[in-house]
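Asker: Let me give you the structure first, and then I'll get to my questions.
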Number of protein chains: 2
Amino acid sequence: ADMPAKAQACVGCHGADGNSVSPIFPKLAGQHAQYLENALKAYRDGFRRNDMMTRFAKGLTDEDIKAIAQYFSSQKAK
Amino acid sequence: ADMPAKAQACVGCHGADGNSVSPIFPKLAGQHAQYLENALKAYRDGFRRNDMMTRFAKGLTDEDIKAIAQYFSSQKAK
């Protein structure tokens, strides 16, 4: 799957292919799409607190979140 | 690396090799060891809230946490 536009915001920390640049940011590549979707919704809706993630997730629709989760989940974990 | 005794508690949800059984539990296999360590400490010390994870992390020492993080990080992500 090619990268949804809204996933651009994730690349800075999580890497273009989800193998995050720094060990303090979790790898998303190959992670369960459902888990990524739940996490993004939790950040967006305030059930999971992380200032940066909440800011990024704020404007996302459910469709955006599903596409982003699918994209990173489909990447190869390195 | 073979599985540290204290990692036994994680297997039920995250799988013996860190490729978690259900899509609602994150895969740990191949994740950054530093990220796993930070997450476990955050659960233990109350910076990250999850009833189940906090209960599991409560009794872990820093050494336990490092060993568990190293173990799952060294597993192959599937």
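As shown in the structure tokens, the chain order sets the letters A, B, ...; within each chain, residues go from 1, and ligands are also counted from 1 in the order they appear.
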Would you mind listing, for every residue of chain B within 7 Å of chain A, the two atoms forming the shortest contact and the distance between them in Å to one decimal, using only C-alpha atoms, sorted by chain and ascending residue number, as a Markdown table?
Answerer:
| residue | atom | partner | partner_atom | distance |
| --- | --- | --- | --- | --- |
| B:Pro23 | CA | A:His32 | CA | 5.2 |
| B:Ile24 | CA | A:Tyr35 | CA | 4.9 |
| B:Phe25 | CA | A:Tyr35 | CA | 6.4 |
| B:Pro26 | CA | A:Tyr35 | CA | 6.1 |
| B:Lys27 | CA | A:Gln31 | CA | 5.9 |
| B:Gln31 | CA | A:Lys27 | CA | 6.0 |
| B:His32 | CA | A:Pro23 | CA | 5.2 |
| B:Gln34 | CA | A:Pro23 | CA | 5.6 |
| B:Tyr35 | CA | A:Ile24 | CA | 4.9 |
| B:Ala77 | CA | A:Ala77 | CA | 6.5 |
Asker: Just the residues within 8 Å of A:Ala57, please, counting only C-alpha atoms, with nothing from its chain fewer than 4 positions along; format it as a list in words.
Answerer: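 My reading of the contact set: Leu40, Lys41, Tyr43, Arg44 and Met53 of chain A.
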Asker: Going by DSSP on the backbone, which bits of chain A are helix (DSSP H, G or I)? Write them as a PyMOL selection string, please.
Answerer: chain A and resi 5-14+33-45+51-57+62-73
Asker: Report as a PyMOL selection string all protein, DNA and RNA residues lying within 9 Å of B:Ile68, evaluated on only C-alpha atoms, omitting residues in the same chain fewer than 2 positions from it.
Answerer: chain B and resi 3-7+33+36-37+63-66+70-73
